[in-house]
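What follows is a set of notes on a single structure, which appears directly below.
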Amino acid sequence: MSFRATVLTLYPEMFPGALDVSLAGRARAAGIWSLETVQIRDFAQDKHRSVDDTPAGGGAGMVMRADVLARAIGHALPEGDPRPRLLMSPRGVPLTQALVRQLAAGPGAVILCGRFEGVDQRVIETRALQEVSIGDYVLSGGEPAAIVLLDAVVRLLPGVMGNEFSGAEESFESGLLEHPQYTRPQDFEGHAIPEVLTSGNHRRIAEWRHEQAERLTRERRPDLWLAYEKARGGR
């Protein structure tokens, strides 16, 4: 069974976008995963096809209406559909590699892309939407975040990456950032490939890569380093 993604959006023309090229595009063409978009505005019932209204209690901007979104979600996710319901939101849980792997192991996802000032809290609660964030910043809408999430998930689906081990040493897979990578030419503007990588000694190469991954993580992501140290028992 292929991975099924359904994206609820006011801008379906933004999809598949980057998801139609490279690994994700080839995988979709091969039927490994599918992508459907749902135009939220199709579920508005007034003559202006309104999807938003002023925030209760006052304030700037507009809020996406619960009734319109509920109808769109009901269309995209009929009763018995086991796929998780996600809302791309800057206040959501972080999109981690662990969450990506969890989603990749499932049947797919229904992803709601917010706009304006956000989404009526009642539809989040009554439709059991899981809020997911791709970072501590605000976008103009959830569509770019949905593309990021799907790209991360699709590459882990069986048959997408040519080498089943190609992702094993990537950043975050072991709790560390990835070690530096090198390739030909041997000398680039006076900078040589580290000698250990051309030594043929696989044990030394593995040790060097692990040391470099630890160094980079310690220097650049102290939050990850603390979690890594805790997982190792504080060693």
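Chain labels A, B, ... are given in the sequence in which chains occur in the structure tokens; within each chain residues are numbered consecutively from 1, and ligands are likewise numbered from 1 in the order shown.
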If you count only C-alpha atoms, which residues fall within 12 Å of Glu125 of chain A, apart from same-chain ones fewer than 4 positions away, as a CSV table (one decimal) with C-alpha atoms, in the first residue's frame?
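Everything below was put into selection.csv:
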chain,number,residue,atom,x,y,z
A,66,ALA,CA,-14.1,26.1,12.2
A,70,ALA,CA,-14.6,20.8,9.5
A,85,ARG,CA,-4.4,14.7,11.0
A,86,LEU,CA,-1.7,17.3,11.0
A,87,LEU,CA,-1.9,21.1,11.2
A,119,VAL,CA,-7.2,28.4,12.9
A,120,ASP,CA,-10.2,28.4,15.2
A,121,GLN,CA,-9.2,26.3,18.2
A,129,LEU,CA,-5.4,17.9,14.8
A,130,GLN,CA,-1.8,17.4,15.8
A,131,GLU,CA,0.0,20.7,15.4
Exercise. Give me the residues within 9 Å of Asp52 of chain A as a list in words, counting only C-alpha atoms and dropping any in the same chain fewer than 5 places off.
Key: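 These residues fall inside the cut-off: Met62, Val63, Met64, Arg65, Ala66, Val68, Phe116 and Val119 of chain A.
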Using C-alpha atoms, can you write the selected residues to a file as a short mmCIF file (atom, residue, chain, number, x, y, z; two decimals), in the first residue's frame?
data_model
loop_
_atom_site.label_atom_id
_atom_site.label_comp_id
_atom_site.auth_asym_id
_atom_site.auth_seq_id
_atom_site.Cartn_x
_atom_site.Cartn_y
_atom_site.Cartn_z
CA MET A 62 -8.44 37.06 10.42
CA VAL A 63 -9.00 33.50 11.70
CA MET A 64 -9.91 30.48 9.59
CA ARG A 65 -13.45 29.32 10.38
CA ALA A 66 -14.08 26.05 12.21
CA VAL A 68 -15.57 25.50 6.83
CA PHE A 116 -3.98 34.44 8.23
CA VAL A 119 -7.19 28.35 12.86
#
Practice problem: Just give me the gap between atom CA of Arg209 of chain A and atom CA of Leu177 of chain A in Å, one decimal is fine. | Solution: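 Between atom CA of Arg209 of chain A and atom CA of Leu177 of chain A the gap works out to 10.7 Å.
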Quiz item: Which one is closest to Phe3 of chain A: A:Gly25, A:Pro222, A:Pro82, A:Gly31? Count only C-alpha atoms.
Solution: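 Among the listed residues, A:Gly31 lies closest to Phe3 of chain A.
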Quiz item: For Leu23 of chain A, which of A:Glu214, A:Asp151, A:Glu173, A:Glu189 is the closest residue, counting only C-alpha atoms?
Solution: A:Asp151
Exercise. Output as a VMD selection string all residues of segment 15-221 of chain A that backbone DSSP marks as alpha helix (DSSP H).
Key: chain A and resid 22 to 29 66 to 76 97 to 104 121 to 126 143 to 154 202 to 220
Quiz prompt | Atom-to-atom span, atom CA of Pro158 of chain A and atom CA of Phe172 of chain A, Å | solution = 19.4 Å
Quiz item: Can you list, as a list in words, every protein, DNA or RNA residue that comes within 9 Å of Val138 of chain A when you count only C-alpha atoms, leaving out same-chain residues fewer than 2 positions away?
Solution: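 Surrounding residues, per the criterion: Ser89, Pro90, Gly135, Asp136, Ser140 and Gly141 of chain A.
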Kindly save the residues from that selection, with C-alpha atoms included, as an mmCIF file, in the first residue's frame.
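Printed below is result36.cif as written:
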data_model
loop_
_atom_site.group_PDB
_atom_site.id
_atom_site.type_symbol
_atom_site.label_atom_id
_atom_site.label_comp_id
_atom_site.auth_asym_id
_atom_site.auth_seq_id
_atom_site.Cartn_x
_atom_site.Cartn_y
_atom_site.Cartn_z
ATOM 1 C CA SER A 89 1.639 25.589 12.964
ATOM 2 C CA PRO A 90 4.524 27.552 14.537
ATOM 3 C CA GLY A 135 11.003 25.788 13.191
ATOM 4 C CA ASP A 136 10.825 28.816 15.450
ATOM 5 C CA SER A 140 2.888 33.337 5.426
ATOM 6 C CA GLY A 141 1.092 29.986 5.421
#
Practice problem: Mind checking which residues fall within 12 Å of Arg218 of chain A, counting only C-alpha atoms, ignoring those fewer than 3 positions away in the same chain, and posting them as number ranges by chain? | Solution: A: 175-178, 211-215, 221-229
Exercise. Excluding Arg49 of chain A and any residue of its chain fewer than 3 positions from it, enumerate the residues within 12 Å of it, using only C-alpha atoms, and give them as a PyMOL selection string.
Key: chain A and resi 10+39-46+52-53+65+68
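When only C-alpha atoms are used to measure the gap to Val148 of chain A, the shortest distance among A:Thr9, A:Gln102, A:Ser50, A:Ser133 belongs to A:Ser133.
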Practice problem: Skip Leu77 of chain A itself and residues of its chain fewer than 2 positions away, then list as a PyMOL selection string all residues within 12 Å of it, counting only C-alpha atoms. | Solution: chain A and resi 4-8+36+38+69-75+79-86+108-112+127-129
Quiz item: Tell me, which residues of segment 92-227 of chain A carry DSSP strand (DSSP E), written as a ChimeraX atom specification?
Solution: /A:92-94,108-113,130-133,187-188,191-192
Quiz item: Quick one: of A:Gly92, A:Ile124, A:Met1, A:Arg28, who's nearest to Tyr137 of chain A, counting only C-alpha atoms?
Solution: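 With only C-alpha atoms as the atom set, the closest residue is A:Gly92.
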